[in-house]
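Okay, input_31.cif now, which holds mmCIF, C-alpha atoms:
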```cif
data_input
#
loop_
_atom_site.group_PDB
_atom_site.id
_atom_site.type_symbol
_atom_site.label_atom_id
_atom_site.label_comp_id
_atom_site.auth_asym_id
_atom_site.auth_seq_id
_atom_site.Cartn_x
_atom_site.Cartn_y
_atom_site.Cartn_z
ATOM 1 C CA MET Z 239 -48.770 -19.462 -31.119
ATOM 2 C CA LYS Z 240 -50.257 -16.701 -28.928
ATOM 3 C CA LYS Z 241 -48.209 -17.980 -26.009
ATOM 4 C CA LEU Z 242 -44.996 -17.813 -28.054
ATOM 5 C CA LEU Z 243 -45.785 -14.261 -29.186
ATOM 6 C CA LEU Z 244 -46.438 -13.233 -25.569
ATOM 7 C CA ILE Z 245 -43.076 -14.678 -24.444
ATOM 8 C CA ALA Z 246 -41.278 -12.911 -27.296
ATOM 9 C CA CYS Z 247 -42.913 -9.584 -26.432
ATOM 10 C CA LEU Z 248 -42.005 -9.969 -22.755
ATOM 11 C CA GLY Z 249 -38.411 -10.708 -23.767
ATOM 12 C CA LEU Z 250 -38.207 -7.565 -25.910
ATOM 13 C CA PHE Z 251 -39.742 -5.497 -23.091
ATOM 14 C CA THR Z 252 -37.141 -6.833 -20.640
ATOM 15 C CA LEU Z 253 -34.284 -6.041 -23.003
ATOM 16 C CA GLY Z 254 -35.639 -2.546 -23.512
ATOM 17 C CA ALA Z 255 -35.997 -1.972 -19.765
ATOM 18 C CA ASN Z 256 -32.400 -3.080 -19.084
ATOM 19 C CA ALA Z 257 -30.783 -1.204 -21.972
ATOM 20 C CA GLN Z 258 -28.942 1.999 -21.100
ATOM 21 C CA VAL Z 259 -27.687 4.740 -23.370
ATOM 22 C CA LYS Z 260 -23.996 5.400 -22.797
ATOM 23 C CA THR Z 261 -22.755 8.962 -23.138
ATOM 24 C CA PRO Z 262 -19.431 10.641 -22.297
ATOM 25 C CA ALA Z 263 -19.042 11.941 -18.745
ATOM 26 C CA PRO Z 264 -19.242 15.762 -18.559
ATOM 27 C CA SER Z 265 -16.323 15.669 -16.097
ATOM 28 C CA PRO Z 266 -14.095 12.727 -17.086
ATOM 29 C CA PHE Z 267 -12.326 10.699 -14.400
ATOM 30 C CA GLN Z 268 -8.526 10.641 -14.256
ATOM 31 C CA LYS Z 269 -6.127 8.514 -12.218
ATOM 32 C CA ILE Z 270 -2.461 9.439 -11.841
ATOM 33 C CA GLU Z 271 0.210 7.185 -10.352
ATOM 34 C CA GLN Z 272 3.442 8.908 -9.394
ATOM 35 C CA GLN Z 273 6.546 7.741 -7.541
ATOM 36 C CA VAL Z 274 8.356 10.388 -5.537
ATOM 37 C CA GLY Z 275 11.671 9.096 -4.245
ATOM 38 C CA LEU Z 276 10.671 5.661 -2.944
ATOM 39 C CA THR Z 277 7.025 6.492 -2.197
ATOM 40 C CA ASP Z 278 4.099 5.591 -4.459
ATOM 41 C CA VAL Z 279 1.358 8.221 -4.712
ATOM 42 C CA THR Z 280 -1.997 7.810 -6.463
ATOM 43 C CA LEU Z 281 -4.361 10.649 -7.324
ATOM 44 C CA GLU Z 282 -7.989 10.110 -8.432
ATOM 45 C CA TYR Z 283 -10.261 12.964 -9.483
ATOM 46 C CA SER Z 284 -12.810 14.171 -12.044
ATOM 47 C CA ARG Z 285 -12.136 17.006 -14.481
ATOM 48 C CA PRO Z 286 -14.800 19.661 -15.145
ATOM 49 C CA SER Z 287 -14.334 22.203 -17.946
ATOM 50 C CA VAL Z 288 -14.817 25.986 -18.131
ATOM 51 C CA LYS Z 289 -17.407 25.953 -20.946
ATOM 52 C CA GLY Z 290 -17.533 29.732 -21.074
ATOM 53 C CA ARG Z 291 -18.339 30.149 -17.377
ATOM 54 C CA THR Z 292 -16.724 32.298 -14.714
ATOM 55 C CA ILE Z 293 -14.978 29.750 -12.509
ATOM 56 C CA PHE Z 294 -13.400 31.154 -9.336
ATOM 57 C CA GLY Z 295 -15.661 33.646 -7.655
ATOM 58 C CA GLY Z 296 -18.496 32.329 -9.845
ATOM 59 C CA LEU Z 297 -19.114 28.606 -10.373
ATOM 60 C CA VAL Z 298 -16.678 27.961 -7.500
ATOM 61 C CA PRO Z 299 -17.467 30.580 -4.830
ATOM 62 C CA TYR Z 300 -14.672 32.208 -2.877
ATOM 63 C CA ASP Z 301 -14.129 31.263 0.765
ATOM 64 C CA LYS Z 302 -16.303 28.150 0.652
ATOM 65 C CA ILE Z 303 -15.087 24.542 0.743
ATOM 66 C CA TRP Z 304 -14.926 23.062 -2.746
ATOM 67 C CA ARG Z 305 -14.768 19.385 -3.682
ATOM 68 C CA THR Z 306 -11.722 20.191 -5.846
ATOM 69 C CA GLY Z 307 -12.953 18.779 -9.118
ATOM 70 C CA ALA Z 308 -16.295 17.144 -9.765
ATOM 71 C CA ASN Z 309 -18.407 14.133 -8.833
ATOM 72 C CA ALA Z 310 -16.974 11.947 -6.039
ATOM 73 C CA CYS Z 311 -14.421 13.557 -3.765
ATOM 74 C CA THR Z 312 -10.879 13.850 -5.058
ATOM 75 C CA LYS Z 313 -8.660 11.217 -3.415
ATOM 76 C CA ILE Z 314 -4.923 10.926 -2.853
ATOM 77 C CA THR Z 315 -3.177 7.802 -1.562
ATOM 78 C CA PHE Z 316 0.287 7.830 -0.005
ATOM 79 C CA GLY Z 317 2.209 4.552 0.153
ATOM 80 C CA ASP Z 318 4.360 5.885 3.017
ATOM 81 C CA ASP Z 319 4.140 8.627 5.634
ATOM 82 C CA VAL Z 320 4.667 12.159 4.281
ATOM 83 C CA MET Z 321 4.918 15.712 5.596
ATOM 84 C CA ILE Z 322 2.369 18.349 4.596
ATOM 85 C CA GLY Z 323 3.029 21.722 6.124
ATOM 86 C CA ASP Z 324 4.296 21.064 9.636
ATOM 87 C CA GLY Z 325 2.219 17.905 10.071
ATOM 88 C CA GLU Z 326 2.988 14.234 9.574
ATOM 89 C CA VAL Z 327 0.421 12.462 7.381
ATOM 90 C CA LYS Z 328 0.334 8.707 7.737
ATOM 91 C CA ALA Z 329 0.284 6.351 4.764
ATOM 92 C CA GLY Z 330 -3.282 5.928 3.533
ATOM 93 C CA THR Z 331 -6.045 7.473 1.423
ATOM 94 C CA TYR Z 332 -7.381 10.990 1.965
ATOM 95 C CA ALA Z 333 -9.921 13.283 0.344
ATOM 96 C CA ILE Z 334 -8.628 16.621 -0.914
ATOM 97 C CA TYR Z 335 -10.808 19.680 -0.345
ATOM 98 C CA THR Z 336 -9.926 23.289 -0.996
ATOM 99 C CA LYS Z 337 -11.225 26.693 0.013
ATOM 100 C CA PRO Z 338 -10.378 28.987 -2.909
ATOM 101 C CA GLY Z 339 -9.916 32.686 -2.244
ATOM 102 C CA ALA Z 340 -8.979 35.706 -4.284
ATOM 103 C CA LYS Z 341 -5.639 36.037 -2.444
ATOM 104 C CA GLU Z 342 -5.099 32.627 -0.827
ATOM 105 C CA TRP Z 343 -6.253 29.021 -1.001
ATOM 106 C CA THR Z 344 -6.505 26.558 1.869
ATOM 107 C CA THR Z 345 -6.079 22.884 0.989
ATOM 108 C CA PHE Z 346 -7.443 20.241 3.383
ATOM 109 C CA PHE Z 347 -6.451 16.573 3.566
ATOM 110 C CA TYR Z 348 -9.483 14.800 5.040
ATOM 111 C CA SER Z 349 -9.394 11.289 6.509
ATOM 112 C CA ASP Z 350 -12.890 10.330 5.289
ATOM 113 C CA ALA Z 351 -12.581 9.720 1.544
ATOM 114 C CA SER Z 352 -16.008 8.106 1.062
ATOM 115 C CA ASN Z 353 -18.096 11.218 0.383
ATOM 116 C CA TRP Z 354 -19.641 12.290 -2.890
ATOM 117 C CA GLY Z 355 -18.180 15.748 -2.980
ATOM 118 C CA VAL Z 356 -18.092 17.852 0.191
ATOM 119 C CA PRO Z 357 -19.223 16.040 3.379
ATOM 120 C CA PRO Z 358 -22.800 16.905 4.446
ATOM 121 C CA LYS Z 359 -21.353 17.824 7.842
ATOM 122 C CA TRP Z 360 -17.753 19.007 8.001
ATOM 123 C CA ASP Z 361 -15.778 17.323 10.799
ATOM 124 C CA GLU Z 362 -12.655 19.290 11.709
ATOM 125 C CA SER Z 363 -11.273 16.287 13.620
ATOM 126 C CA LYS Z 364 -10.932 14.460 10.275
ATOM 127 C CA VAL Z 365 -8.616 17.117 8.854
ATOM 128 C CA VAL Z 366 -5.168 15.506 9.088
ATOM 129 C CA ALA Z 367 -3.395 18.430 7.427
ATOM 130 C CA LYS Z 368 -4.170 21.816 5.927
ATOM 131 C CA ILE Z 369 -1.954 24.292 4.205
ATOM 132 C CA VAL Z 370 -2.392 27.800 2.835
ATOM 133 C CA SER Z 371 -1.044 28.551 -0.654
ATOM 134 C CA GLN Z 372 -0.929 31.585 -2.879
ATOM 135 C CA PRO Z 373 -2.833 31.352 -6.187
ATOM 136 C CA TYR Z 374 -0.811 32.336 -9.236
ATOM 137 C CA PRO Z 375 -2.565 34.072 -12.162
ATOM 138 C CA MET Z 376 -1.917 32.412 -15.515
ATOM 139 C CA PRO Z 377 -1.399 34.298 -18.796
ATOM 140 C CA MET Z 378 -3.900 32.013 -20.523
ATOM 141 C CA SER Z 379 -7.047 30.068 -19.668
ATOM 142 C CA VAL Z 380 -6.848 26.299 -19.090
ATOM 143 C CA GLU Z 381 -10.159 24.804 -20.210
ATOM 144 C CA THR Z 382 -10.199 21.596 -18.180
ATOM 145 C CA PHE Z 383 -9.383 21.308 -14.472
ATOM 146 C CA THR Z 384 -5.995 19.599 -14.152
ATOM 147 C CA MET Z 385 -4.071 18.202 -11.184
ATOM 148 C CA SER Z 386 -0.442 17.177 -11.414
ATOM 149 C CA PHE Z 387 2.744 16.400 -9.506
ATOM 150 C CA ASP Z 388 5.202 19.184 -10.259
ATOM 151 C CA ALA Z 389 8.838 20.080 -9.490
ATOM 152 C CA LEU Z 390 9.710 16.525 -8.489
ATOM 153 C CA THR Z 391 12.855 15.888 -6.453
ATOM 154 C CA ASN Z 392 13.965 12.817 -4.499
ATOM 155 C CA ASP Z 393 12.156 14.018 -1.394
ATOM 156 C CA SER Z 394 9.574 16.599 -2.447
ATOM 157 C CA ALA Z 395 6.860 17.454 -4.937
ATOM 158 C CA PHE Z 396 4.200 20.068 -5.468
ATOM 159 C CA LEU Z 397 0.609 18.934 -5.886
ATOM 160 C CA GLY Z 398 -0.455 21.300 -8.650
ATOM 161 C CA MET Z 399 -4.016 22.430 -9.412
ATOM 162 C CA ILE Z 400 -4.747 24.547 -12.461
ATOM 163 C CA TRP Z 401 -8.052 25.694 -13.934
ATOM 164 C CA ASP Z 402 -9.114 28.667 -15.991
ATOM 165 C CA ASN Z 403 -6.408 31.265 -15.239
ATOM 166 C CA VAL Z 404 -5.386 30.139 -11.709
ATOM 167 C CA TYR Z 405 -2.592 27.797 -10.590
ATOM 168 C CA VAL Z 406 -2.097 26.613 -6.998
ATOM 169 C CA ALA Z 407 0.765 24.425 -5.718
ATOM 170 C CA VAL Z 408 0.752 22.459 -2.448
ATOM 171 C CA PRO Z 409 4.204 21.353 -1.211
ATOM 172 C CA ILE Z 410 4.589 17.764 0.037
ATOM 173 C CA LYS Z 411 7.743 16.394 1.633
ATOM 174 C CA PHE Z 412 8.741 12.728 1.516
ATOM 175 C CA HIS Z 413 10.982 10.755 3.899
ATOM 176 C CA THR Z 414 13.187 9.457 1.100
ATOM 177 C CA ASP Z 415 16.511 10.107 2.799
ATOM 178 C CA LYS Z 416 15.374 8.301 5.938
ATOM 179 C CA MET Z 417 14.171 5.335 3.868
ATOM 180 C CA VAL Z 418 17.334 5.146 1.773
ATOM 181 C CA THR Z 419 19.557 5.436 4.832
ATOM 182 C CA ALA Z 420 17.685 2.600 6.550
ATOM 183 C CA SER Z 421 17.989 0.484 3.412
ATOM 184 C CA ILE Z 422 21.732 1.158 3.142
ATOM 185 C CA GLU Z 423 22.316 0.342 6.808
ATOM 186 C CA ASN Z 424 20.289 -2.862 6.478
ATOM 187 C CA VAL Z 425 22.187 -4.057 3.401
ATOM 188 C CA MET Z 426 25.602 -2.985 4.657
ATOM 189 C CA SER Z 427 25.072 -4.760 7.963
ATOM 190 C CA GLY Z 428 24.865 -8.031 6.029
ATOM 191 C CA PRO Z 429 22.195 -10.716 5.756
ATOM 192 C CA SER Z 430 19.761 -11.134 8.644
ATOM 193 C CA ASP Z 431 19.041 -14.404 10.440
ATOM 194 C CA ARG Z 432 15.888 -14.692 8.332
ATOM 195 C CA ASP Z 433 17.926 -14.349 5.131
ATOM 196 C CA PHE Z 434 20.246 -17.184 6.205
ATOM 197 C CA TYR Z 435 17.243 -19.283 7.295
ATOM 198 C CA ASN Z 436 15.390 -18.806 3.991
ATOM 199 C CA ALA Z 437 18.529 -19.597 1.980
ATOM 200 C CA ALA Z 438 19.219 -22.749 4.004
ATOM 201 C CA VAL Z 439 15.647 -24.046 3.688
ATOM 202 C CA TYR Z 440 15.665 -23.356 -0.045
ATOM 203 C CA TYR Z 441 18.911 -25.307 -0.522
ATOM 204 C CA LEU Z 442 17.453 -28.173 1.515
ATOM 205 C CA GLU Z 443 14.220 -28.346 -0.462
ATOM 206 C CA ALA Z 444 15.889 -27.746 -3.848
ATOM 207 C CA ASP Z 445 18.436 -30.504 -3.197
ATOM 208 C CA LYS Z 446 21.358 -28.101 -3.608
ATOM 209 C CA ASP Z 447 24.666 -27.936 -1.716
ATOM 210 C CA ILE Z 448 23.680 -29.314 1.711
ATOM 211 C CA ASN Z 449 26.944 -28.203 3.329
ATOM 212 C CA LYS Z 450 26.155 -24.597 2.432
ATOM 213 C CA ALA Z 451 22.663 -25.085 3.839
ATOM 214 C CA LYS Z 452 24.207 -26.457 7.039
ATOM 215 C CA ASN Z 453 26.474 -23.434 7.367
ATOM 216 C CA TRP Z 454 23.647 -21.001 6.724
ATOM 217 C CA ILE Z 455 21.200 -22.561 9.184
ATOM 218 C CA ASP Z 456 23.890 -22.499 11.875
ATOM 219 C CA LYS Z 457 24.448 -18.778 11.214
ATOM 220 C CA ALA Z 458 20.687 -18.139 11.301
ATOM 221 C CA ILE Z 459 20.355 -19.785 14.709
ATOM 222 C CA GLU Z 460 23.439 -18.030 16.029
ATOM 223 C CA MET Z 461 22.165 -14.603 14.911
ATOM 224 C CA ARG Z 462 18.584 -15.009 16.098
ATOM 225 C CA GLU Z 463 17.971 -13.279 19.421
ATOM 226 C CA LYS Z 464 15.203 -15.612 20.598
ATOM 227 C CA PRO Z 465 15.401 -19.377 19.902
ATOM 228 C CA ALA Z 466 12.732 -20.635 17.483
ATOM 229 C CA PHE Z 467 11.501 -24.220 17.281
ATOM 230 C CA TRP Z 468 11.027 -23.996 13.498
ATOM 231 C CA TYR Z 469 14.661 -22.902 13.027
ATOM 232 C CA HIS Z 470 15.928 -25.911 14.960
ATOM 233 C CA ARG Z 471 13.475 -28.168 13.101
ATOM 234 C CA GLN Z 472 14.975 -27.174 9.755
ATOM 235 C CA GLN Z 473 18.454 -27.499 11.247
ATOM 236 C CA SER Z 474 17.693 -31.093 12.216
ATOM 237 C CA LEU Z 475 16.491 -31.929 8.697
ATOM 238 C CA ILE Z 476 19.549 -30.306 7.099
ATOM 239 C CA TYR Z 477 21.929 -32.125 9.446
ATOM 240 C CA ALA Z 478 20.186 -35.424 8.754
ATOM 241 C CA LYS Z 479 20.477 -34.893 5.008
ATOM 242 C CA ALA Z 480 24.149 -34.001 5.434
ATOM 243 C CA GLY Z 481 24.722 -37.333 7.212
ATOM 244 C CA ASP Z 482 25.259 -35.800 10.650
ATOM 245 C CA LYS Z 483 22.828 -37.929 12.651
ATOM 246 C CA LYS Z 484 24.190 -36.782 16.028
ATOM 247 C CA GLY Z 485 23.705 -33.117 15.083
ATOM 248 C CA ALA Z 486 20.240 -33.886 13.713
ATOM 249 C CA ILE Z 487 19.171 -35.538 16.970
ATOM 250 C CA GLU Z 488 20.521 -32.651 19.053
ATOM 251 C CA ALA Z 489 18.720 -30.080 16.892
ATOM 252 C CA ALA Z 490 15.463 -32.093 16.953
ATOM 253 C CA LYS Z 491 15.562 -32.300 20.742
ATOM 254 C CA LYS Z 492 15.986 -28.517 20.972
ATOM 255 C CA SER Z 493 13.102 -28.018 18.552
ATOM 256 C CA LEU Z 494 10.953 -30.485 20.511
ATOM 257 C CA LYS Z 495 11.618 -28.686 23.804
ATOM 258 C CA LEU Z 496 10.842 -25.257 22.331
ATOM 259 C CA ALA Z 497 7.724 -26.572 20.574
ATOM 260 C CA LYS Z 498 6.404 -28.001 23.854
ATOM 261 C CA GLU Z 499 7.042 -24.690 25.598
ATOM 262 C CA ALA Z 500 5.198 -22.881 22.796
ATOM 263 C CA GLY Z 501 2.328 -25.383 22.830
ATOM 264 C CA ASN Z 502 2.798 -26.248 19.148
ATOM 265 C CA ASP Z 503 1.534 -29.827 18.862
ATOM 266 C CA ASP Z 504 2.347 -30.112 15.157
ATOM 267 C CA TYR Z 505 6.072 -29.543 15.697
ATOM 268 C CA VAL Z 506 6.031 -31.751 18.790
ATOM 269 C CA ALA Z 507 4.703 -34.586 16.623
ATOM 270 C CA LEU Z 508 7.150 -33.912 13.781
ATOM 271 C CA ASN Z 509 10.176 -33.900 16.056
ATOM 272 C CA THR Z 510 9.025 -36.944 18.001
ATOM 273 C CA LYS Z 511 8.645 -38.909 14.784
ATOM 274 C CA SER Z 512 12.070 -37.829 13.468
ATOM 275 C CA LEU Z 513 13.776 -38.694 16.748
ATOM 276 C CA SER Z 514 12.189 -42.153 16.738
ATOM 277 C CA VAL Z 515 13.734 -42.752 13.302
ATOM 278 C CA TRP Z 516 17.147 -41.278 14.013
ATOM 279 C CA GLU Z 517 17.475 -42.872 17.446
ATOM 280 C CA GLY Z 518 15.992 -46.188 16.316
ATOM 281 C CA LYS Z 519 13.111 -46.038 18.806
ATOM 282 C CA PRO Z 520 9.455 -46.930 18.106
ATOM 283 C CA SER Z 521 7.344 -43.844 17.398
ATOM 284 C CA ALA Z 522 4.174 -43.227 19.387
ATOM 285 C CA ASN Z 523 2.761 -41.508 16.265
ATOM 286 C CA LYS Z 524 3.520 -44.383 13.922
#
```

With the file now loaded, output its structure as structure tokens.
Amino acid sequence: MKKLLLIACLGLFTLGANAQVKTPAPSPFQKIEQQVGLTDVTLEYSRPSVKGRTIFGGLVPYDKIWRTGANACTKITFGDDVMIGDGEVKAGTYAIYTKPGAKEWTTFFYSDASNWGVPPKWDESKVVAKIVSQPYPMPMSVETFTMSFDALTNDSAFLGMIWDNVYVAVPIKFHTDKMVTASIENVMSGPSDRDFYNAAVYYLEADKDINKAKNWIDKAIEMREKPAFWYHRQQSLIYAKAGDKKGAIEAAKKSLKLAKEAGNDDYVALNTKSLSVWEGKPSANK
């Protein structure tokens, strides 16, 4: 009985040691996902509140680098390259730091986004872009620090920051026109060799119109700049299924030659086996 009581007490002690009281975060986390033109942008930050304090020039000193929010560093992720100021910023994740001032703010996009707040040692080489903005006084006080994407167009947006009675906007430009133009040119130029190849293989495997598959695989091979052993392999299978044994043998021989040149033993074996069947010869792999 004493042993059972001891085990029970140990169990209660363990539960008590592992239990944690959950309370609301003083500066709640927020994640925003925004598409600008064709580019996906994600913003992650924590939101402190005024709580009766003097914010800029007080809690947040002027002319010193601020984490721009609370807790872990504020992060922004661009799905494509963008322009900030005069600089190109590559797709990726960056920390956002600011240096608030009474007359101007400097916003930094920092390549190391792993810090808890401001880096212990600032590394200027990690600043991929910085831009100076004018703070705008607001006619009212905003209690909780808020970031947003404002004045959206197809190829631009302002990264807005507002807290207490100050609003700052950072312009970001997106390469939407370039992306759309490339997409239009790609579509208008017609299907690529890969499109014809994928369609032909699908029709072969789905047991659909084999004559269409034959036409498409021929177009794929004709359009491809560099011969590919896997293209000719599929061509041989499509021709065989279409009843064109002569064409199948010719395609398999081309695939076999290219596979040997590429050192691909798997395709060498596959083509050798198919040729032994179609030509009526004994297979060395049988």

Practice problem: Could you state which residues are captured by the PyMOL selection byres ((chain Z and resi 264) around 9) in this file, as a ChimeraX atom specification? | Solution: /Z:261-263,265-266,285-287

Quiz item: When you draw a straight line from CA of Tyr348 in chain Z to CA of Thr336 in chain Z, how long is it in Å?
Solution: 10.4 Å

Practice problem: Name every residue that the PyMOL selection byres ((chain Z and resi 413-417) around 9) selects in this structure, writing the answer as a ChimeraX atom specification with chains first and numbers rising. | Solution: /Z:274-277,318-321,392-394,411-412,418-422

Exercise. Taking the file above as input, evaluate the PyMOL selection byres ((chain Z and resi 448) around 12) and report the hits as an MDAnalysis selection string.
Key: chainID Z and resid 437:447 449:455 473 475:482

Quiz item: So which residues touch Phe267 in chain Z within 12 Å, counting all atoms listed in the file, skipping near sequence neighbours fewer than 2 positions away, as a list in words?
Solution: Pro262, Ala263, Pro264, Ser265, Lys269, Ile270, Leu281, Glu282, Tyr283, Ser284, Arg285, Pro286, Gly307, Ala308, Asn309, Ala310, Cys311, Thr312, Lys313, Thr382, Phe383, Thr384 and Met385 of chain Z

Practice problem: Please indicate the distance in Å from CA of Phe434 in chain Z to CA of Lys492 in chain Z, rounded to one decimal place. | Solution: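 Computing the Euclidean distance for CA of Phe434 in chain Z and CA of Lys492 in chain Z yields 19.1 Å.
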
Exercise. Using only C-alpha atoms, find the one residue out of Z:Gly295, Z:Pro375, Z:Gly428, Z:Gly518 that sits nearest to Val406 in chain Z.
Key: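 The answer is Z:Pro375, which sits nearest to Val406 in chain Z.
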
Quiz item: What is the CA of Leu496 in chain Z-CA of Gln472 in chain Z distance in Å, reported with one decimal?
Solution: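 These atoms are spaced 13.4 Å apart.
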
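Nearest to Asp402 in chain Z of all the residues Z:Ala486, Z:Leu390, Z:Val380, Z:Ala340 is Z:Val380, based on all atoms listed in the file.
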
Self-check item: Among the residues Z:Phe347, Z:Ile369, Z:Leu397, Z:Lys337, the one that comes closest to Tyr300 in chain Z [using all atoms listed in the file]
Solution: Z:Lys337

Practice problem: Considering only C-alpha atoms, state which residue in the set Z:Asp350, Z:Glu326, Z:Asp503, Z:Glu381 is at the smallest distance from Lys289 in chain Z. | Solution: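 Comparing Z:Asp350, Z:Glu326, Z:Asp503, Z:Glu381 against Lys289 in chain Z, the winner is Z:Glu381.
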
Could range 259-270 of chain Z be completed with N, CA and C atoms and written as a JSON list (two decimals), in the coordinates of the input, please?
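The result, stored in out_34.json:
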```
[["chain", "number", "residue", "atom", "x", "y", "z"],
["Z", 259, "VAL", "N", -28.44, 3.95, -22.40],
["Z", 259, "VAL", "CA", -27.69, 4.74, -23.37],
["Z", 259, "VAL", "C", -26.40, 5.22, -22.70],
["Z", 260, "LYS", "N", -25.28, 4.99, -23.34],
["Z", 260, "LYS", "CA", -24.00, 5.40, -22.80],
["Z", 260, "LYS", "C", -23.56, 6.70, -23.47],
["Z", 261, "THR", "N", -23.23, 7.67, -22.64],
["Z", 261, "THR", "CA", -22.76, 8.96, -23.14],
["Z", 261, "THR", "C", -21.48, 9.35, -22.39],
["Z", 262, "PRO", "N", -20.67, 10.23, -22.98],
["Z", 262, "PRO", "CA", -19.43, 10.64, -22.30],
["Z", 262, "PRO", "C", -19.73, 11.40, -21.00],
["Z", 263, "ALA", "N", -18.88, 11.23, -20.01],
["Z", 263, "ALA", "CA", -19.04, 11.94, -18.74],
["Z", 263, "ALA", "C", -18.71, 13.41, -18.95],
["Z", 264, "PRO", "N", -19.54, 14.33, -18.43],
["Z", 264, "PRO", "CA", -19.24, 15.76, -18.56],
["Z", 264, "PRO", "C", -17.92, 16.14, -17.89],
["Z", 265, "SER", "N", -17.58, 15.43, -16.81],
["Z", 265, "SER", "CA", -16.32, 15.67, -16.10],
["Z", 265, "SER", "C", -15.57, 14.36, -16.01],
["Z", 266, "PRO", "N", -14.75, 14.04, -17.01],
["Z", 266, "PRO", "CA", -14.10, 12.73, -17.09],
["Z", 266, "PRO", "C", -13.20, 12.44, -15.87],
["Z", 267, "PHE", "N", -13.15, 11.17, -15.52],
["Z", 267, "PHE", "CA", -12.33, 10.70, -14.40],
["Z", 267, "PHE", "C", -10.88, 10.54, -14.86],
["Z", 268, "GLN", "N", -9.94, 10.87, -13.98],
["Z", 268, "GLN", "CA", -8.53, 10.64, -14.26],
["Z", 268, "GLN", "C", -7.85, 10.05, -13.03],
["Z", 269, "LYS", "N", -6.93, 9.13, -13.29],
["Z", 269, "LYS", "CA", -6.13, 8.51, -12.22],
["Z", 269, "LYS", "C", -4.66, 8.68, -12.57],
["Z", 270, "ILE", "N", -3.89, 9.22, -11.64],
["Z", 270, "ILE", "CA", -2.46, 9.44, -11.84],
["Z", 270, "ILE", "C", -1.68, 8.64, -10.80]]
```
